[in-house]
Amino acid sequence: MIESSVVSFIINASLVILVLMIPVSFYRVWKGPKAADRLVGVDMITTLLVGIVILLSLTEGTNTTIDMGIVLAALAFAATLSIARYISEGRVF
Amino acid sequence: METLQLIFGSTFILFGVIFSVLGVVGIIRLPDTLCRLHATGKTGTLGVLGLCVGVAILEPQFAGKLLALAIFIIFSAPVASHAIGAAILRSSDEVSGIPAGD
């Protein structure tokens, strides 16, 4: 897929950095004083996961990996909206 | 052409990764819930968009699905951030000087 070794190294290093950022943002989910802090942390984790899936489509070389990213973004959007409504009003529906 | 493609793709991927790291640093270091929401709302979206542009430059046949993902993220991320902000304002008594229910 990618011939140049420098670009391959950049992609692999970016994957490692993005994966290492997930436990760092899980610290906010663990320590957050309020429920909204934990929701912000979970939102950041799903954003990082979408980025990781996009980069994995380069290393895998298949077009269908991006579909996982689209579905993950849609599910994260619905989950964030419902949890925010639960935090603000005490109920989802 | 090939070299220019590799250079621009790598630059956009590094742009996206740097913005994602800055967003994570923001939600760890900033003092308030609304400040953390500000950090993750801007830099998360910009990081994923940079990754989309970089991958679309490196592999041009992926550009259709990446364009769909980018459009969805552009429209959904501000709505999610607004929902979290409204939840913060309605659930807490006082947020950094703003009275409750304001």
# chains A, B, ... in the order shown; residues from 1 in each chain; ligands from 1
$ closest_atom_pairs --of "chain A" --to "chain B" --cutoff "8 Å" --atoms "only C-alpha atoms" --output "tab-separated table"
residue	atom	partner	partner_atom	distance
A:Val7	CA	B:Ser10	CA	6.3
A:Ile10	CA	B:Ser10	CA	7.0
A:Ile11	CA	B:Ile13	CA	7.7
A:Ser14	CA	B:Val17	CA	6.3
A:Ile17	CA	B:Val17	CA	7.8
A:Leu18	CA	B:Val17	CA	7.1
A:Met21	CA	B:Val24	CA	6.9
A:Val24	CA	B:Val24	CA	7.2
A:Ser25	CA	B:Val24	CA	6.0
A:Tyr27	CA	B:Ile28	CA	7.8
A:Arg28	CA	B:Ile28	CA	6.5
A:Ala36	CA	B:Ile88	CA	6.2
A:Asp37	CA	B:Thr33	CA	6.0
A:Leu39	CA	B:Ile84	CA	7.8
A:Val40	CA	B:Leu37	CA	6.2
A:Gly41	CA	B:Ile27	CA	7.4
A:Asp43	CA	B:Thr40	CA	7.9
A:Met44	CA	B:Thr40	CA	6.2
A:Thr47	CA	B:Gly44	CA	6.2
A:Leu48	CA	B:Ser20	CA	7.2
A:Val50	CA	B:Val48	CA	7.3
A:Gly51	CA	B:Val48	CA	5.5
A:Ile54	CA	B:Cys52	CA	7.0
A:Leu55	CA	B:Val55	CA	7.2
A:Leu58	CA	B:Val55	CA	7.0
A:Asn63	CA	B:Phe62	CA	6.1
A:Ile66	CA	B:Lys65	CA	6.7
A:Asp67	CA	B:Lys65	CA	7.5
A:Gly69	CA	B:Leu69	CA	7.5
A:Ile70	CA	B:Leu69	CA	5.6
A:Ala73	CA	B:Ile73	CA	7.3
A:Phe77	CA	B:Ala80	CA	6.4
A:Thr80	CA	B:Ala80	CA	6.3
A:Leu81	CA	B:Ala80	CA	6.0
A:Ala84	CA	B:Ile84	CA	5.3
A:Arg85	CA	B:Ala87	CA	6.7
A:Ile87	CA	B:Ala87	CA	5.9
A:Ser88	CA	B:Ala87	CA	4.4
A:Glu89	CA	B:Ser91	CA	7.9
$ select_by_dssp --residues "chain A" --states "alpha helix (DSSP H)" --output "MDAnalysis selection string"
chainID A and resid 5:31 35:60 65:89
$ closest_residue --among "A:Thr64, A:Val16, A:Ala78, A:Thr59" --to "A:Thr46" --atoms "only C-alpha atoms"
A:Ala78
$ atom_distance --atom1 "atom CA of A:Thr62" --atom2 "atom CA of A:Val42"
27.7 Å
$ atom_distance --atom1 "atom CA of B:Ile57" --atom2 "atom CA of B:Gln5"
6.4 Å
